[in-house]
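Here's final_8.txt, which has compact mmCIF, C-alpha atoms and all ligand atoms:
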```
# COMPACT_ATOMS: atom_id res chain seq x y z
CA MET A 139 13.02 -132.35 -68.06
CA GLY A 140 14.34 -129.93 -65.45
CA THR A 141 13.50 -126.25 -65.86
CA VAL A 142 15.97 -123.39 -65.47
CA VAL A 143 14.42 -122.77 -62.06
CA ASP A 144 15.00 -126.43 -61.10
CA ALA A 145 18.59 -126.20 -62.24
CA ALA A 146 19.13 -123.03 -60.21
CA ALA A 147 17.55 -124.61 -57.13
CA LYS A 148 19.72 -127.70 -57.57
CA LYS A 149 22.86 -125.60 -57.88
CA GLU A 150 21.96 -123.63 -54.78
CA ALA A 151 21.21 -126.76 -52.72
CA ASN A 152 24.49 -128.33 -53.77
CA GLY A 153 26.40 -125.11 -53.28
CA SER A 154 25.35 -124.86 -49.66
CA LEU A 155 25.74 -128.60 -49.09
CA ALA A 156 29.26 -128.37 -50.44
CA ASP A 157 29.90 -125.46 -48.05
CA LEU A 158 28.59 -127.60 -45.22
CA ASN A 159 30.92 -130.45 -46.26
CA PRO A 160 29.03 -132.87 -44.02
CA THR A 161 30.19 -136.14 -42.54
CA VAL A 162 27.85 -138.85 -43.80
CA VAL A 163 27.45 -142.42 -42.60
CA PHE A 164 25.14 -144.63 -44.62
CA VAL A 165 23.19 -147.08 -42.47
CA LEU A 166 22.12 -150.12 -44.45
CA GLY A 167 20.57 -153.50 -43.73
CA GLY A 168 17.43 -155.42 -44.61
CA PRO A 169 13.98 -154.29 -43.48
CA GLY A 170 13.67 -154.99 -39.76
CA SER A 171 17.43 -155.26 -39.20
CA GLY A 172 17.27 -152.52 -36.54
CA LYS A 173 18.62 -149.51 -38.44
CA GLY A 174 16.19 -146.99 -36.93
CA THR A 175 16.53 -148.33 -33.39
CA GLN A 176 20.31 -148.19 -33.44
CA CYS A 177 20.38 -144.79 -35.16
CA ALA A 178 18.38 -143.36 -32.24
CA ASN A 179 21.14 -144.56 -29.87
CA ILE A 180 23.91 -143.14 -32.04
CA VAL A 181 22.15 -139.76 -32.21
CA GLN A 182 21.93 -139.60 -28.42
CA HIS A 183 25.55 -140.41 -27.76
CA PHE A 184 27.52 -139.24 -30.76
CA GLY A 185 25.79 -136.06 -31.93
CA TYR A 186 24.65 -137.17 -35.37
CA THR A 187 21.37 -136.21 -37.02
CA HIS A 188 19.36 -139.23 -38.17
CA LEU A 189 17.74 -139.06 -41.59
CA SER A 190 15.67 -142.09 -42.59
CA ALA A 191 14.95 -142.13 -46.33
CA GLY A 192 11.79 -144.18 -45.67
CA ASP A 193 10.57 -141.70 -43.04
CA LEU A 194 11.24 -138.75 -45.38
CA LEU A 195 9.27 -140.48 -48.14
CA ARG A 196 6.36 -141.22 -45.78
CA ALA A 197 6.38 -137.57 -44.61
CA GLU A 198 6.30 -136.47 -48.25
CA ILE A 199 3.15 -138.56 -48.80
CA LYS A 200 1.52 -137.00 -45.74
CA SER A 201 2.43 -133.48 -46.86
CA GLY A 202 0.12 -133.86 -49.84
CA SER A 203 2.96 -133.44 -52.34
CA GLU A 204 2.33 -134.04 -56.03
CA ASN A 205 4.58 -137.12 -55.80
CA GLY A 206 2.58 -138.53 -52.88
CA THR A 207 0.52 -141.06 -54.80
CA MET A 208 3.49 -142.35 -56.76
CA ILE A 209 5.59 -142.74 -53.58
CA SER A 210 2.73 -144.42 -51.75
CA ASN A 211 2.24 -146.95 -54.55
CA MET A 212 5.96 -147.73 -54.66
CA ILE A 213 6.13 -148.26 -50.89
CA LYS A 214 3.09 -150.54 -50.91
CA GLU A 215 4.89 -152.67 -53.50
CA GLY A 216 8.23 -152.51 -51.70
CA LYS A 217 9.73 -150.85 -54.78
CA ILE A 218 12.44 -148.21 -54.79
CA VAL A 219 11.31 -144.65 -55.47
CA PRO A 220 13.25 -142.82 -58.23
CA SER A 221 16.48 -141.39 -56.84
CA GLU A 222 15.70 -137.84 -57.89
CA VAL A 223 12.79 -137.69 -55.45
CA THR A 224 14.61 -139.26 -52.50
CA ILE A 225 17.80 -137.26 -53.02
CA LYS A 226 15.89 -133.97 -53.07
CA LEU A 227 14.33 -134.89 -49.73
CA LEU A 228 17.71 -135.85 -48.28
CA GLN A 229 19.37 -132.66 -49.52
CA ARG A 230 16.62 -130.53 -48.03
CA ALA A 231 16.77 -132.39 -44.71
CA MET A 232 20.55 -132.03 -44.52
CA LEU A 233 20.37 -128.30 -45.16
CA GLU A 234 17.62 -127.86 -42.58
CA GLY A 235 19.19 -130.25 -40.07
CA GLY A 236 21.44 -127.68 -38.38
CA ASN A 237 24.23 -130.21 -38.11
CA ASP A 238 27.15 -131.40 -40.21
CA LYS A 239 27.07 -135.09 -39.21
CA PHE A 240 24.36 -137.30 -40.65
CA LEU A 241 23.31 -140.90 -40.40
CA ILE A 242 21.49 -141.62 -43.63
CA ASP A 243 19.38 -144.70 -42.98
CA GLY A 244 17.89 -146.85 -45.75
CA PHE A 245 19.81 -145.11 -48.50
CA PRO A 246 21.35 -145.85 -51.00
CA ARG A 247 19.00 -148.73 -51.67
CA ASN A 248 20.25 -149.54 -55.17
CA GLU A 249 23.00 -148.68 -57.60
CA GLU A 250 20.94 -145.83 -59.08
CA ASN A 251 20.49 -144.27 -55.60
CA ARG A 252 24.21 -144.57 -54.93
CA ALA A 253 25.49 -143.17 -58.21
CA ALA A 254 22.94 -140.35 -58.34
CA PHE A 255 23.66 -139.23 -54.77
CA GLU A 256 27.38 -139.16 -55.42
CA ASP A 257 26.86 -137.36 -58.70
CA VAL A 258 24.45 -134.74 -57.37
CA THR A 259 25.90 -134.03 -53.93
CA LYS A 260 29.57 -135.02 -54.48
CA ILE A 261 29.42 -136.49 -50.97
CA GLU A 262 31.28 -139.74 -50.22
CA PRO A 263 30.24 -141.54 -47.04
CA SER A 264 32.84 -141.86 -44.29
CA PHE A 265 31.75 -145.46 -43.93
CA VAL A 266 28.74 -147.74 -44.26
CA LEU A 267 27.22 -149.33 -41.20
CA PHE A 268 25.72 -152.65 -42.29
CA PHE A 269 23.25 -154.43 -40.03
CA ASP A 270 23.45 -158.06 -41.00
CA CYS A 271 20.42 -160.10 -39.93
CA SER A 272 18.69 -163.30 -41.03
CA GLU A 273 15.40 -163.06 -42.94
CA GLU A 274 13.66 -165.18 -40.27
CA GLU A 275 14.60 -162.72 -37.54
CA MET A 276 13.74 -159.64 -39.66
CA GLU A 277 10.38 -161.14 -40.58
CA ARG A 278 9.63 -161.86 -36.92
CA ARG A 279 10.45 -158.26 -35.96
CA LEU A 280 8.48 -156.66 -38.82
CA LEU A 281 5.37 -158.70 -38.12
CA GLY A 282 5.66 -157.95 -34.40
CA ARG A 283 6.44 -154.23 -34.47
CA ASN A 284 2.95 -152.96 -35.20
CA GLN A 285 3.83 -149.44 -36.38
CA GLY A 286 0.76 -149.30 -38.59
CA ARG A 287 2.87 -149.37 -41.73
CA GLU A 288 1.14 -150.48 -44.90
CA ASP A 289 4.23 -152.37 -46.02
CA ASP A 290 4.60 -154.48 -42.85
CA ASN A 291 2.41 -157.29 -44.19
CA ILE A 292 3.83 -160.64 -45.18
CA GLU A 293 3.25 -160.15 -48.90
CA THR A 294 5.09 -156.80 -49.07
CA ILE A 295 7.75 -157.98 -46.61
CA ARG A 296 8.70 -160.82 -49.00
CA LYS A 297 8.97 -158.29 -51.85
CA ARG A 298 11.14 -156.00 -49.72
CA PHE A 299 13.47 -158.92 -48.90
CA LYS A 300 13.80 -159.69 -52.60
CA VAL A 301 14.58 -156.05 -53.43
CA PHE A 302 17.14 -155.98 -50.62
CA LEU A 303 18.92 -159.08 -51.93
CA GLU A 304 18.82 -158.08 -55.57
CA SER A 305 19.34 -154.30 -55.39
CA SER A 306 20.70 -153.25 -51.99
CA LEU A 307 23.26 -155.97 -51.28
CA PRO A 308 25.24 -155.04 -54.43
CA VAL A 309 25.57 -151.50 -53.02
CA ILE A 310 26.99 -152.93 -49.80
CA GLU A 311 29.37 -155.08 -51.86
CA TYR A 312 30.45 -151.99 -53.78
CA TYR A 313 31.38 -150.17 -50.58
CA ASN A 314 32.95 -153.33 -49.19
CA SER A 315 35.31 -153.40 -52.15
CA LYS A 316 36.36 -149.88 -51.12
CA GLY A 317 36.99 -151.01 -47.52
CA LYS A 318 34.13 -148.86 -46.22
CA VAL A 319 31.75 -151.41 -44.72
CA ARG A 320 31.49 -151.91 -40.95
CA LYS A 321 29.40 -155.04 -40.52
CA ILE A 322 27.40 -155.68 -37.38
CA ASP A 323 25.74 -158.93 -36.34
CA ALA A 324 22.26 -157.46 -35.95
CA GLY A 325 20.39 -160.63 -35.03
CA ARG A 326 21.20 -160.13 -31.33
CA PRO A 327 19.26 -158.17 -28.68
CA VAL A 328 19.26 -154.36 -29.09
CA GLU A 329 21.72 -153.67 -26.24
CA GLU A 330 24.25 -156.18 -27.52
CA VAL A 331 24.05 -154.78 -31.04
CA TYR A 332 24.61 -151.30 -29.64
CA GLU A 333 27.79 -152.45 -27.89
CA SER A 334 29.22 -153.30 -31.32
CA VAL A 335 27.91 -150.07 -32.83
CA LYS A 336 29.54 -148.03 -30.08
CA ALA A 337 32.88 -149.66 -30.72
CA ILE A 338 32.71 -148.44 -34.31
CA PHE A 339 31.85 -144.85 -33.46
CA ALA A 340 34.24 -144.55 -30.52
CA PRO A 341 37.05 -146.96 -31.26
CA LYS A 342 40.07 -145.08 -29.97
CA ASN A 343 40.40 -144.62 -26.23
CA GLU A 344 43.66 -142.73 -26.66
CA LYS A 345 41.72 -139.76 -28.10
CA LEU A 346 41.02 -138.47 -24.62
CA THR A 347 44.61 -138.59 -23.45
CA LYS A 348 45.54 -136.37 -26.40
CA CYS A 349 43.15 -133.71 -25.17
CA PRO A 350 45.03 -130.79 -23.55
CA PHE A 351 42.45 -130.70 -20.78
CA SER A 352 42.56 -134.39 -19.99
CA LEU A 353 43.88 -134.11 -16.45
CA SER A 354 40.84 -135.99 -15.31
CA LEU A 355 37.64 -137.07 -16.95
CA MET A 356 35.55 -134.58 -15.00
CA LEU A 357 37.90 -131.72 -15.81
CA THR A 358 37.87 -132.66 -19.48
CA PHE A 359 34.13 -132.62 -19.54
CA SER A 360 33.80 -129.27 -17.75
CA VAL A 361 36.48 -127.43 -19.71
CA CYS A 362 35.40 -128.79 -23.06
CA ARG A 363 31.80 -127.94 -22.38
CA LEU A 364 32.85 -124.46 -21.38
CA ILE A 365 34.72 -123.84 -24.61
CA ASN A 366 32.18 -125.88 -26.55
CA CYS A 367 34.77 -128.37 -27.73
CA CYS A 368 32.26 -130.83 -29.13
CA LYS A 369 34.77 -133.42 -30.18
CA CYS A 370 36.14 -133.81 -26.67
CA VAL A 371 32.67 -133.80 -25.14
CA GLN A 372 31.72 -136.57 -27.53
CA ASP A 373 34.89 -138.50 -26.73
CA PHE A 374 33.96 -138.15 -23.09
CA ARG A 375 30.44 -139.39 -23.75
CA SER A 376 31.79 -142.40 -25.55
CA TYR A 377 33.57 -143.34 -22.33
CA VAL A 378 30.53 -142.98 -20.20
CA TYR A 379 27.87 -144.71 -22.29
O1 LIG W 401 13.69 -147.91 -44.95
P1 LIG W 401 12.21 -148.18 -44.85
O2 LIG W 401 11.92 -149.62 -44.51
O3 LIG W 401 11.48 -147.22 -44.00
O4 LIG W 401 11.68 -147.96 -46.35
C1 LIG W 401 10.33 -148.19 -46.66
C2 LIG W 401 10.12 -148.12 -48.14
O5 LIG W 401 10.45 -146.81 -48.60
C3 LIG W 401 10.95 -149.05 -48.99
O6 LIG W 401 10.46 -150.37 -49.02
C4 LIG W 401 10.86 -148.36 -50.34
O7 LIG W 401 9.60 -148.61 -50.95
C5 LIG W 401 10.92 -146.89 -49.93
N1 LIG W 401 12.32 -146.40 -50.01
C6 LIG W 401 12.81 -146.06 -51.25
N2 LIG W 401 14.09 -145.61 -51.39
C7 LIG W 401 14.89 -145.51 -50.30
C8 LIG W 401 14.40 -145.84 -49.02
C9 LIG W 401 13.09 -146.29 -48.91
O8 LIG W 401 12.09 -146.17 -52.24
N3 LIG W 401 16.15 -145.10 -50.46
MG MG W 402 13.46 -147.61 -40.67
```
Just give me the structure of the file as structure tokens.
Ligand code: C5P
Ligand code: MG
Amino acid sequence: MGTVVDAAAKKEANGSLADLNPTVVFVLGGPGSGKGTQCANIVQHFGYTHLSAGDLLRAEIKSGSENGTMISNMIKEGKIVPSEVTIKLLQRAMLEGGNDKFLIDGFPRNEENRAAFEDVTKIEPSFVLFFDCSEEEMERRLLGRNQGREDDNIETIRKRFKVFLESSLPVIEYYNSKGKVRKIDAGRPVEEVYESVKAIFAPKNEKLTKCPFSLSLMLTFSVCRLINCCKCVQDFRSYVY
């Protein structure tokens, strides 16, 4: 049961999130499909802030929060933490992020996550980036990555695969039916995958020619930097990288 204070806090968080009106891209794919790796590239070149739901949950455990033990047990079992907890962490991170463009990685993981996020934040994703990868390849990567994660053991990995198939794929299908899924073949080497990712984030080369300063690439970059025209600077970056 939420208290009056909870309700007020919720209203305030949503009020300021609504003011922010952020651009959100959901980044989904099985465990080990390369979501985090590719998000790091997107952040560097396209000015997004990366929020990994799994990382936020792990930080919450470390912070000694009252939910820590529950979250830790769920992660060890590969289960999905109640949406209320994860959404609060995402809301807080978005408000503190100092940006209005977010890659939300590993969320929504099930129908409950999806519906609750939409209900609470009223945010619709611009699109969903889906890293499609075979279980064999994901298993190979997870067992090889050695990040000291308690859930990167074969027993938990199998459970996470099952949860992905049963709970997360339906979310991807939901967004697919709305024409929002951008699917990437994620079984390839990192650089090749990023080539496909880049094409999604910077698809239109004509953007630059529409820029009033686009006499030359260098001039575009200098003038836009000067007047802090982020969109043009990002368009320019998408050419270069
Ligand atoms: O995305 P990542 O692999 O870091 O997630 C690790 C674990 O965190 C998941 O297996 C799940 O237990 C938990 N998680 C969750 N809800 C999310 C994202 C992650 O419960 N939306
Ligand atoms: Mg990750």
Exercise for review: Could you give me the residues within 10 Å of ligand LIG 401 (chain W), counting only C-alpha atoms and all ligand atoms, as a PyMOL selection string?
Suggested key: chain A and resi 165-171+173-174+190-196+209-221+223-225+228+242-248+250-252+280+287-290+294-295+297-299+301-302+306
Exercise for review: Considering all atoms listed in the file, state which residue in the set A:Tyr313, A:Phe184, A:Phe268, A:Phe255 is at the smallest distance from Phe339 of chain A.
Suggested key: A:Phe184
Practice item. Write out as a list in words each polymer residue whose atoms come within 12 Å of Glu234 of chain A, counting only C-alpha atoms; drop sequence neighbours fewer than 2 positions from it. Key: Ala151, Ser154, Leu155, Leu158, Thr187, Leu189, Leu227, Leu228, Gln229, Arg230, Ala231, Met232, Gly236, Asn237, Asp238 and Phe240 of chain A
Check your understanding: How far is it from atom CA of Asn284 of chain A to atom MG of ligand MG 402 (chain W), in Å with one decimal?
Key -> 13.0 Å
**Study point:** Using all atoms listed in the file: which of A:Asn291, A:Gln176, A:Thr161, A:Thr207 has the shortest distance to ligand MG 402 (chain W)
**Key:**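 Result for the nearest residue to ligand MG 402 (chain W): A:Gln176.
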Point to revise | Of the listed residues A:Leu233, A:Leu241, A:Ile322, A:Val331, that which approaches ligand MG 402 (chain W) most closely, counting all atoms listed in the file | key: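 Among the listed residues, the smallest separation from ligand MG 402 (chain W) belongs to A:Leu241.
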Exercise for review: Rank A:Val309, A:Ile261, A:Ile180, A:Ile292 by their smallest atom-to-atom distance to Ala337 of chain A, using only C-alpha atoms, and report the top residue only.
Suggested key: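 Among the listed residues, A:Ile180 lies closest to Ala337 of chain A.
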